[in-house]
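Chemist: Provided below: start09.pdb, containing PDB, C-alpha atoms.
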```pdb
ATOM      1  CA  MET A 103      -1.156  -3.328  22.461
ATOM      2  CA  GLY A 104      -4.716  -3.671  21.256
ATOM      3  CA  TRP A 105      -7.133  -3.354  18.367
ATOM      4  CA  VAL A 106     -10.014  -0.977  17.881
ATOM      5  CA  LEU A 107     -12.670  -2.767  15.838
ATOM      6  CA  GLY A 108     -14.095  -0.788  12.937
ATOM      7  CA  ASP A 109     -16.582  -1.720  10.235
ATOM      8  CA  PHE A 110     -18.616  -4.920  10.459
ATOM      9  CA  CYS A 111     -20.773  -5.151   7.363
ATOM     10  CA  LEU A 112     -23.309  -7.923   6.843
ATOM     11  CA  ALA A 113     -26.817  -8.079   5.427
ATOM     12  CA  GLN A 114     -29.262  -7.195   8.199
ATOM     13  CA  GLU A 115     -31.098 -10.526   8.193
ATOM     14  CA  TYR A 116     -27.844 -12.358   9.037
ATOM     15  CA  ARG A 117     -26.458 -10.091  11.740
ATOM     16  CA  SER A 118     -27.565 -12.213  14.688
ATOM     17  CA  LEU A 119     -27.386 -15.587  12.885
ATOM     18  CA  GLY A 120     -24.681 -17.996  11.743
ATOM     19  CA  PRO A 121     -22.637 -15.885   9.290
ATOM     20  CA  ALA A 122     -22.358 -12.913  11.665
ATOM     21  CA  LEU A 123     -21.399 -15.146  14.581
ATOM     22  CA  GLU A 124     -18.780 -17.007  12.560
ATOM     23  CA  LEU A 125     -17.284 -13.840  11.146
ATOM     24  CA  GLN A 126     -17.005 -12.078  14.506
ATOM     25  CA  ARG A 127     -15.735 -15.236  16.223
ATOM     26  CA  ALA A 128     -12.980 -15.461  13.602
ATOM     27  CA  CYS A 129     -12.062 -11.806  14.227
ATOM     28  CA  LEU A 130     -11.715 -12.378  17.960
ATOM     29  CA  GLU A 131      -9.822 -15.646  17.556
ATOM     30  CA  GLY A 132      -7.427 -13.909  15.180
ATOM     31  CA  MET A 133      -6.119 -11.777  18.044
ATOM     32  CA  GLN A 134      -2.642 -13.127  18.787
ATOM     33  CA  PRO A 135       0.426 -11.800  20.623
ATOM     34  CA  PRO A 136       1.658  -9.074  20.810
ATOM     35  CA  PHE A 137      -1.978  -7.928  20.809
ATOM     36  CA  ASP A 138      -3.698  -8.425  24.174
ATOM     37  CA  PHE A 139      -7.166  -6.964  23.717
ATOM     38  CA  CYS A 140      -9.653  -5.350  21.363
ATOM     39  CA  TYR A 141     -12.485  -2.904  21.949
ATOM     40  CA  ASP A 142     -15.631  -1.967  20.058
ATOM     41  CA  PHE A 143     -18.519   0.508  20.130
ATOM     42  CA  PRO A 144     -21.330  -1.819  19.013
ATOM     43  CA  SER A 145     -24.775  -0.840  17.802
ATOM     44  CA  LYS A 146     -27.823  -2.576  19.266
ATOM     45  CA  SER A 147     -27.795  -5.207  16.519
ATOM     46  CA  MET A 148     -24.045  -5.748  16.888
ATOM     47  CA  MET A 149     -24.448  -6.096  20.642
ATOM     48  CA  ALA A 150     -26.832  -8.976  19.921
ATOM     49  CA  VAL A 151     -24.008 -10.721  18.042
ATOM     50  CA  TYR A 152     -21.661 -10.290  21.009
ATOM     51  CA  THR A 153     -24.332 -11.620  23.369
ATOM     52  CA  ARG A 154     -24.731 -14.745  21.245
ATOM     53  CA  LEU A 155     -20.954 -15.198  21.434
ATOM     54  CA  GLY A 156     -21.074 -14.955  25.231
ATOM     55  CA  VAL A 157     -19.356 -11.564  25.293
ATOM     56  CA  LYS A 158     -20.888  -9.196  27.838
ATOM     57  CA  GLN A 159     -21.005  -5.422  27.711
ATOM     58  CA  THR A 160     -17.886  -4.104  29.428
ATOM     59  CA  GLY A 161     -18.860  -0.498  29.937
ATOM     60  CA  THR A 162     -20.777   2.487  28.647
ATOM     61  CA  MET A 163     -19.994   5.494  26.493
ATOM     62  CA  VAL A 164     -21.618   8.766  27.576
ATOM     63  CA  ARG A 165     -22.359  11.879  25.573
ATOM     64  CA  TRP A 166     -21.787  14.978  27.686
ATOM     65  CA  ALA A 167     -23.344  18.340  26.803
ATOM     66  CA  LYS A 168     -22.817  21.914  27.981
ATOM     67  CA  PRO A 169     -25.413  24.478  26.763
ATOM     68  CA  LEU A 170     -24.079  27.843  25.599
ATOM     69  CA  ARG A 171     -27.128  29.738  24.296
ATOM     70  CA  VAL A 172     -30.756  29.948  25.431
ATOM     71  CA  GLU A 173     -32.510  32.082  22.779
ATOM     72  CA  GLU A 174     -34.172  29.186  20.993
ATOM     73  CA  LYS A 175     -35.493  27.835  24.286
ATOM     74  CA  LEU A 176     -36.881  31.227  25.307
ATOM     75  CA  GLU A 177     -38.604  32.221  22.074
ATOM     76  CA  PRO A 178     -41.538  29.749  22.339
ATOM     77  CA  LEU A 179     -42.084  30.924  25.917
ATOM     78  CA  VAL A 180     -42.019  34.694  25.386
ATOM     79  CA  ARG A 181     -43.380  34.531  21.796
ATOM     80  CA  SER A 182     -41.101  37.337  20.671
ATOM     81  CA  LYS A 183     -37.740  37.109  18.927
ATOM     82  CA  SER A 184     -36.605  40.509  20.205
ATOM     83  CA  ALA A 185     -37.563  39.664  23.787
ATOM     84  CA  ALA A 186     -35.877  36.264  23.471
ATOM     85  CA  ARG A 187     -32.683  37.943  22.256
ATOM     86  CA  ALA A 188     -32.725  40.445  25.113
ATOM     87  CA  LEU A 189     -33.357  37.788  27.752
ATOM     88  CA  GLY A 190     -30.954  35.486  25.945
ATOM     89  CA  ARG A 191     -28.055  37.870  26.517
ATOM     90  CA  ILE A 192     -28.644  37.588  30.243
ATOM     91  CA  GLY A 193     -29.123  33.816  30.109
ATOM     92  CA  ASN A 194     -26.047  33.342  27.952
ATOM     93  CA  ALA A 195     -23.956  35.374  30.392
ATOM     94  CA  VAL A 196     -25.167  33.180  33.252
ATOM     95  CA  LEU A 197     -24.256  30.035  31.294
ATOM     96  CA  ALA A 198     -20.823  31.468  30.478
ATOM     97  CA  ALA A 199     -20.130  32.085  34.165
ATOM     98  CA  ARG A 200     -21.127  28.567  35.248
ATOM     99  CA  GLY A 201     -18.633  25.779  35.728
ATOM    100  CA  TRP A 202     -15.094  25.530  37.037
ATOM    101  CA  LYS A 203     -12.534  27.039  34.660
ATOM    102  CA  GLY A 204      -9.345  25.977  36.393
ATOM    103  CA  HIS A 205      -6.630  28.276  37.731
ATOM    104  CA  LYS A 206      -5.127  30.899  35.448
ATOM    105  CA  ASP A 207      -1.610  30.155  36.683
ATOM    106  CA  ALA A 208      -1.907  26.407  35.965
ATOM    107  CA  CYS A 209      -0.892  26.836  32.321
ATOM    108  CA  LYS A 210      -1.272  28.989  29.238
ATOM    109  CA  VAL A 211      -3.654  27.775  26.517
ATOM    110  CA  ALA A 212      -3.349  28.831  22.882
ATOM    111  CA  LEU A 213      -4.374  27.691  19.428
ATOM    112  CA  HIS A 214      -1.725  25.423  17.921
ATOM    113  CA  GLN A 215      -0.353  26.562  14.578
ATOM    114  CA  GLY A 216       0.902  24.174  11.907
ATOM    115  CA  LEU A 217       1.557  20.457  12.258
ATOM    116  CA  CYS A 218       2.273  18.686  15.534
ATOM    117  CA  SER A 219       5.995  18.315  16.233
ATOM    118  CA  GLU A 220       8.374  16.503  18.559
ATOM    119  CA  GLU A 221       6.945  18.092  21.699
ATOM    120  CA  PHE A 222       3.795  15.976  21.233
ATOM    121  CA  ASP A 223       5.972  12.842  21.103
ATOM    122  CA  ILE A 224       7.657  13.885  24.345
ATOM    123  CA  LEU A 225       4.297  14.433  26.067
ATOM    124  CA  ASP A 226       2.973  11.104  24.775
ATOM    125  CA  THR A 227       6.032   9.299  26.192
ATOM    126  CA  GLU A 228       5.529  10.944  29.590
ATOM    127  CA  LEU A 229       1.830  10.064  29.665
ATOM    128  CA  SER A 230       2.580   6.441  28.741
ATOM    129  CA  LYS A 231       4.493   6.068  32.018
ATOM    130  CA  LEU A 232       1.388   6.883  34.080
ATOM    131  CA  PRO A 233      -1.146   4.300  35.305
ATOM    132  CA  GLY A 234      -4.173   3.658  33.134
ATOM    133  CA  VAL A 235      -5.063   2.552  29.614
ATOM    134  CA  ARG A 236      -4.319   5.164  26.952
ATOM    135  CA  ALA A 237      -4.000   5.211  23.185
ATOM    136  CA  GLN A 238      -0.561   6.114  21.873
ATOM    137  CA  LYS A 239      -0.853   9.536  20.247
ATOM    138  CA  THR A 240       2.356  10.601  18.603
ATOM    139  CA  ALA A 241       2.793  13.747  16.535
ATOM    140  CA  ALA A 242       2.551  11.670  13.355
ATOM    141  CA  TYR A 243      -0.710  10.111  14.536
ATOM    142  CA  LEU A 244      -2.275  13.460  15.465
ATOM    143  CA  ASN A 245      -1.281  14.987  12.142
ATOM    144  CA  TRP A 246      -2.763  12.036  10.232
ATOM    145  CA  ARG A 247      -5.890  11.703  12.342
ATOM    146  CA  TYR A 248      -6.930  15.329  12.744
ATOM    147  CA  LEU A 249      -4.971  17.773  10.617
ATOM    148  CA  ALA A 250      -4.890  15.922   7.287
ATOM    149  CA  ARG A 251      -8.614  15.131   6.994
ATOM    150  CA  PRO A 252     -10.048  16.999   3.998
ATOM    151  CA  ARG A 253     -13.729  16.736   4.953
ATOM    152  CA  GLN A 254     -13.516  17.759   8.590
ATOM    153  CA  THR A 255     -12.013  20.764  10.327
ATOM    154  CA  HIS A 256     -10.168  20.151  13.566
ATOM    155  CA  GLU A 257      -8.251  22.584  15.732
ATOM    156  CA  ILE A 258      -5.793  21.772  18.493
ATOM    157  CA  LEU A 259      -5.578  23.911  21.609
ATOM    158  CA  VAL A 260      -2.325  23.436  23.510
ATOM    159  CA  ALA A 261      -1.582  23.980  27.193
ATOM    160  CA  ARG A 262       1.966  24.969  28.120
ATOM    161  CA  ARG A 263       3.656  25.540  31.437
ATOM    162  CA  ASN A 264       6.970  27.393  31.303
ATOM    163  CA  SER A 265       6.874  26.866  27.516
ATOM    164  CA  VAL A 266       6.624  23.072  27.939
ATOM    165  CA  LEU A 267       3.643  21.243  26.418
ATOM    166  CA  VAL A 268       1.563  19.709  29.245
ATOM    167  CA  GLY A 269      -1.721  18.955  27.458
ATOM    168  CA  TYR A 270      -3.950  19.564  24.462
ATOM    169  CA  ALA A 271      -7.555  19.418  23.325
ATOM    170  CA  VAL A 272      -8.768  18.607  19.823
ATOM    171  CA  ILE A 273     -12.000  20.334  18.840
ATOM    172  CA  ARG A 274     -14.209  19.832  15.814
ATOM    173  CA  ASN A 275     -15.973  22.996  14.754
ATOM    174  CA  GLU A 276     -19.165  21.822  13.110
ATOM    175  CA  SER A 277     -22.062  24.263  12.974
ATOM    176  CA  GLU A 278     -24.621  21.760  14.248
ATOM    177  CA  ASN A 279     -22.509  19.587  16.518
ATOM    178  CA  PRO A 280     -19.284  21.244  17.730
ATOM    179  CA  ARG A 281     -17.399  19.066  20.161
ATOM    180  CA  ILE A 282     -14.234  18.165  21.996
ATOM    181  CA  VAL A 283     -13.098  14.937  20.367
ATOM    182  CA  ASP A 284      -9.824  14.372  22.195
ATOM    183  CA  LEU A 285      -8.269  15.532  25.446
ATOM    184  CA  ASN A 286      -4.828  14.610  26.761
ATOM    185  CA  SER A 287      -2.998  16.156  29.671
ATOM    186  CA  ILE A 288      -0.754  15.622  32.646
ATOM    187  CA  GLU A 289      -2.696  14.654  35.748
ATOM    188  CA  ASP A 290      -3.481  18.180  36.883
ATOM    189  CA  PRO A 291      -7.232  18.902  37.119
ATOM    190  CA  ALA A 292      -6.629  22.636  36.662
ATOM    191  CA  VAL A 293      -4.862  22.053  33.330
ATOM    192  CA  VAL A 294      -7.699  19.818  32.133
ATOM    193  CA  ALA A 295     -10.249  22.436  33.216
ATOM    194  CA  ASN A 296      -8.318  25.209  31.445
ATOM    195  CA  LEU A 297      -8.268  23.209  28.209
ATOM    196  CA  ILE A 298     -11.997  22.524  28.460
ATOM    197  CA  ASP A 299     -12.773  26.185  29.181
ATOM    198  CA  ALA A 300     -10.659  27.358  26.236
ATOM    199  CA  SER A 301     -12.415  24.851  23.968
ATOM    200  CA  VAL A 302     -15.835  25.998  25.153
ATOM    201  CA  SER A 303     -14.897  29.666  24.750
ATOM    202  CA  SER A 304     -13.745  29.010  21.188
ATOM    203  CA  MET A 305     -17.113  27.513  20.317
ATOM    204  CA  ARG A 306     -19.019  30.243  22.144
ATOM    205  CA  VAL A 307     -17.324  32.862  19.941
ATOM    206  CA  ARG A 308     -18.653  30.895  16.953
ATOM    207  CA  ARG A 309     -22.149  31.199  18.488
ATOM    208  CA  ALA A 310     -22.541  27.457  19.026
ATOM    209  CA  LYS A 311     -25.686  26.472  20.908
ATOM    210  CA  ALA A 312     -23.950  23.753  22.915
ATOM    211  CA  VAL A 313     -20.677  21.860  23.206
ATOM    212  CA  HIS A 314     -20.476  18.071  23.353
ATOM    213  CA  LEU A 315     -17.903  15.462  24.221
ATOM    214  CA  VAL A 316     -18.063  11.681  24.392
ATOM    215  CA  SER A 317     -16.144   9.594  26.931
ATOM    216  CA  GLY A 318     -16.236   6.317  28.739
ATOM    217  CA  GLU A 319     -18.608   6.442  31.686
ATOM    218  CA  ASP A 320     -15.746   5.667  34.076
ATOM    219  CA  HIS A 321     -13.221   8.017  32.487
ATOM    220  CA  PRO A 322     -10.931   9.199  35.318
ATOM    221  CA  TRP A 323     -11.756  12.822  34.453
ATOM    222  CA  SER A 324     -15.550  12.430  34.613
ATOM    223  CA  PRO A 325     -15.686  14.471  37.861
ATOM    224  CA  ILE A 326     -13.846  17.285  36.050
ATOM    225  CA  PHE A 327     -16.329  17.168  33.156
ATOM    226  CA  GLU A 328     -19.182  17.602  35.652
ATOM    227  CA  ARG A 329     -17.389  20.330  37.564
ATOM    228  CA  THR A 330     -16.793  22.330  34.372
ATOM    229  CA  GLY A 331     -20.515  22.331  33.616
ATOM    230  CA  PHE A 332     -21.068  19.308  31.370
ATOM    231  CA  ARG A 333     -24.064  17.065  31.993
ATOM    232  CA  ARG A 334     -24.574  13.434  31.053
ATOM    233  CA  ARG A 335     -26.915  12.648  28.193
ATOM    234  CA  GLU A 336     -27.589   9.394  26.306
ATOM    235  CA  THR A 337     -25.336   6.333  26.565
ATOM    236  CA  SER A 338     -24.175   3.546  24.254
ATOM    237  CA  PRO A 339     -22.403   0.222  24.873
ATOM    238  CA  LEU A 340     -18.675  -0.473  25.012
ATOM    239  CA  VAL A 341     -17.200  -3.957  24.638
ATOM    240  CA  VAL A 342     -13.631  -4.964  25.494
ATOM    241  CA  VAL A 343     -12.365  -8.493  24.877
ATOM    242  CA  ALA A 344      -9.023  -9.557  26.346
ATOM    243  CA  ARG A 345      -7.020 -12.428  24.888
ATOM    244  CA  LYS A 346      -6.545 -15.494  27.072
ATOM    245  CA  GLY A 347      -3.246 -15.112  28.846
ATOM    246  CA  ALA A 348      -3.144 -11.352  28.367
ATOM    247  CA  THR A 349      -1.479  -9.226  31.035
ATOM    248  CA  ILE A 350      -4.427  -6.829  31.118
ATOM    249  CA  GLY A 351      -7.987  -7.628  32.159
ATOM    250  CA  GLU A 352     -11.500  -6.256  32.147
ATOM    251  CA  THR A 353     -11.075  -4.437  35.467
ATOM    252  CA  GLU A 354      -8.517  -2.001  34.051
ATOM    253  CA  PHE A 355     -10.912  -1.004  31.284
ATOM    254  CA  LYS A 356     -13.793  -0.522  33.704
ATOM    255  CA  THR A 357     -11.913   1.764  36.064
ATOM    256  CA  ASN A 358      -8.981   3.453  34.362
ATOM    257  CA  PHE A 359      -9.555   3.718  30.585
ATOM    258  CA  TYR A 360      -8.919   7.233  29.192
ATOM    259  CA  LEU A 361     -11.489   6.639  26.464
ATOM    260  CA  MET A 362     -12.893   9.445  24.326
ATOM    261  CA  GLU A 363     -14.247   9.924  20.828
ATOM    262  CA  GLY A 364     -10.664  10.126  19.589
ATOM    263  CA  GLU A 365     -10.229   6.421  20.344
ATOM    264  CA  ARG A 366     -12.800   5.508  17.701
ATOM    265  CA  ASP A 367     -11.561   4.347  14.323
ATOM    266  CA  SER A 368     -13.776   6.755  12.369
TER     267      SER A 368
END
```
Translate this file's structure into structure tokens.

Modeler:
Amino acid sequence: MGWVLGDFCLAQEYRSLGPALELQRACLEGMQPPFDFCYDFPSKSMMAVYTRLGVKQTGTMVRWAKPLRVEEKLEPLVRSKSAARALGRIGNAVLAARGWKGHKDACKVALHQGLCSEEFDILDTELSKLPGVRAQKTAAYLNWRYLARPRQTHEILVARRNSVLVGYAVIRNESENPRIVDLNSIEDPAVVANLIDASVSSMRVRRAKAVHLVSGEDHPWSPIFERTGFRRRETSPLVVVARKGATIGETEFKTNFYLMEGERDS
């Protein structure tokens, strides 16, 4: 069991001085059994606080991007909106064809209707038996985190095999920044690829310019992200601190942490 660290609010002039150090040191020292670790997505100034505490950067978060439309890129080159639209149809078709989409017989993907139910609990229990570090994502958690948020619109795409839930993707349909915020599945690359392709197709229908997702740099499915046509963009730091005597160490988080945007606290 672990913590995800959220807000750390302090006047800017004190963030790398005594009060910030004391406050963050107290937070870390407050971690007691049954909690074994905590993780954080620090800003540059917050990373300076960790450095002063002797805490090193554990890993890196990566934003991945997959372009869907080329019209805006073409218009300055051809200097004609009509020509850019005509060429854009060809370019968009090429982009749509790129990337691995999985096997059609791997599963069936559909938009989930209503609240998450017991089948999500069953899948979460099965995934918890596999190697790796994962957040527990019960039906109650998914409903609270994604489906009950009044200011944001999330959709859940579900993958089923013989009517049994084997994975899902959570997408946020924002006009300027549509993205895949969460992705959970059995360890079948084709199922993961099918979920990604269905998510991308959903956003392409909405005429999104690109699709994004954020994951840990060493996420076990990074090769699948690349194979499905996503490319790495900017990075940001990740810090994991394990309690002394904990049964889990830094190595597990560097090599086998299924970390995505959904593991953030906000």

Chemist: Could you write out as a PyMOL selection string the residues that the PyMOL selection byres ((chain A and resi 331) around 10) matches in the shown file?

Modeler: chain A and resi 166-169+197-203+298-299+326-330+332-333

Chemist: List the residues selected by the PyMOL selection byres ((chain A and resi 227-244) around 10) in the file shown, writing them as number ranges by chain.

Modeler: A: 103-104, 217-226, 245-250, 258, 268-269, 272, 286-289, 322, 350, 354-355, 357-362, 364-365

Chemist: Create the file for the chosen residues now, containing C-alpha atoms and written as a PDB file, in the coordinates of the input.

Modeler:
```pdb
ATOM      1  CA  MET A 103      -1.156  -3.328  22.461  1.00  0.00           C
ATOM      2  CA  GLY A 104      -4.716  -3.671  21.256  1.00  0.00           C
ATOM      3  CA  LEU A 217       1.557  20.457  12.258  1.00  0.00           C
ATOM      4  CA  CYS A 218       2.273  18.686  15.534  1.00  0.00           C
ATOM      5  CA  SER A 219       5.995  18.315  16.233  1.00  0.00           C
ATOM      6  CA  GLU A 220       8.374  16.503  18.559  1.00  0.00           C
ATOM      7  CA  GLU A 221       6.945  18.092  21.699  1.00  0.00           C
ATOM      8  CA  PHE A 222       3.795  15.976  21.233  1.00  0.00           C
ATOM      9  CA  ASP A 223       5.972  12.842  21.103  1.00  0.00           C
ATOM     10  CA  ILE A 224       7.657  13.885  24.345  1.00  0.00           C
ATOM     11  CA  LEU A 225       4.297  14.433  26.067  1.00  0.00           C
ATOM     12  CA  ASP A 226       2.973  11.104  24.775  1.00  0.00           C
ATOM     13  CA  ASN A 245      -1.281  14.987  12.142  1.00  0.00           C
ATOM     14  CA  TRP A 246      -2.763  12.036  10.232  1.00  0.00           C
ATOM     15  CA  ARG A 247      -5.890  11.703  12.342  1.00  0.00           C
ATOM     16  CA  TYR A 248      -6.930  15.329  12.744  1.00  0.00           C
ATOM     17  CA  LEU A 249      -4.971  17.773  10.617  1.00  0.00           C
ATOM     18  CA  ALA A 250      -4.890  15.922   7.287  1.00  0.00           C
ATOM     19  CA  ILE A 258      -5.793  21.772  18.493  1.00  0.00           C
ATOM     20  CA  VAL A 268       1.563  19.709  29.245  1.00  0.00           C
ATOM     21  CA  GLY A 269      -1.721  18.955  27.458  1.00  0.00           C
ATOM     22  CA  VAL A 272      -8.768  18.607  19.823  1.00  0.00           C
ATOM     23  CA  ASN A 286      -4.828  14.610  26.761  1.00  0.00           C
ATOM     24  CA  SER A 287      -2.998  16.156  29.671  1.00  0.00           C
ATOM     25  CA  ILE A 288      -0.754  15.622  32.646  1.00  0.00           C
ATOM     26  CA  GLU A 289      -2.696  14.654  35.748  1.00  0.00           C
ATOM     27  CA  PRO A 322     -10.931   9.199  35.318  1.00  0.00           C
ATOM     28  CA  ILE A 350      -4.427  -6.829  31.118  1.00  0.00           C
ATOM     29  CA  GLU A 354      -8.517  -2.001  34.051  1.00  0.00           C
ATOM     30  CA  PHE A 355     -10.912  -1.004  31.284  1.00  0.00           C
ATOM     31  CA  THR A 357     -11.913   1.764  36.064  1.00  0.00           C
ATOM     32  CA  ASN A 358      -8.981   3.453  34.362  1.00  0.00           C
ATOM     33  CA  PHE A 359      -9.555   3.718  30.585  1.00  0.00           C
ATOM     34  CA  TYR A 360      -8.919   7.233  29.192  1.00  0.00           C
ATOM     35  CA  LEU A 361     -11.489   6.639  26.464  1.00  0.00           C
ATOM     36  CA  MET A 362     -12.893   9.445  24.326  1.00  0.00           C
ATOM     37  CA  GLY A 364     -10.664  10.126  19.589  1.00  0.00           C
ATOM     38  CA  GLU A 365     -10.229   6.421  20.344  1.00  0.00           C
TER      39      GLU A 365
END
```

Chemist: What's the separation between CA of Tyr141 in chain A and CA of Val106 in chain A, in Å to one decimal place?

Modeler: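 One can read the CA of Tyr141 in chain A to CA of Val106 in chain A distance as 5.1 Å.
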
Chemist: Considering all atoms listed in the file, return as a compact mmCIF listing (two decimals) with C-alpha atoms, in the frame of the given file whatever protein or nucleic-acid residues lie within 9 Å of Lys158 in chain A, sequence-local ones (same chain, fewer than 6 positions apart) excluded.

Modeler:
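result_30.txt was written with the following content:
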```txt
# COMPACT_ATOMS: atom_id res chain seq x y z
CA MET A 149 -24.45 -6.10 20.64
CA TYR A 152 -21.66 -10.29 21.01
CA VAL A 341 -17.20 -3.96 24.64
CA VAL A 342 -13.63 -4.96 25.49
```

Chemist: Output the residue selection produced by the PyMOL selection byres ((chain A and resi 312) around 10) on the file above, formatted as a list in words.

Modeler: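 Here the PyMOL selection byres ((chain A and resi 312) around 10) matches Ala167, Lys168, Pro169, Leu170, Arg171, Val172, Glu278, Asn279, Pro280, Arg281, Val302, Met305, Arg306, Arg309, Ala310, Lys311, Val313, His314 and Phe332 of chain A.
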
Chemist: State, in Å with one decimal place, the distance from CA of Thr349 in chain A to CA of Gly132 in chain A.

Modeler: 17.6 Å

Chemist: Separation of CA of Val293 in chain A and CA of Val164 in chain A, in Å?

Modeler: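 Separating CA of Val293 in chain A from CA of Val164 in chain A is a distance of 22.1 Å.
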
Chemist: Go through A:Arg165, A:Arg117, A:Arg345, A:Arg335 and flag the residue nearest Lys146 in chain A, using only C-alpha atoms for the distances.

Modeler: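 Smallest separation from Lys146 in chain A among the options: A:Arg117.
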
Chemist: Env of Leu213 in chain A: 8 Å cut, atoms = all atoms listed in the file, seq-sep filter 2 positions within chain, self excluded. Answer as a ChimeraX atom specification.

Modeler: /A:211,215,257-260

Chemist: Write out as JSON, numbers by chain each polymer residue whose atoms come within 12 Å of Arg127 in chain A, counting only C-alpha atoms; drop sequence neighbours fewer than 3 positions from it.

Modeler: {"A": [120, 121, 122, 123, 124, 130, 131, 132, 133, 151, 152, 153, 154, 155, 156, 157, 343]}
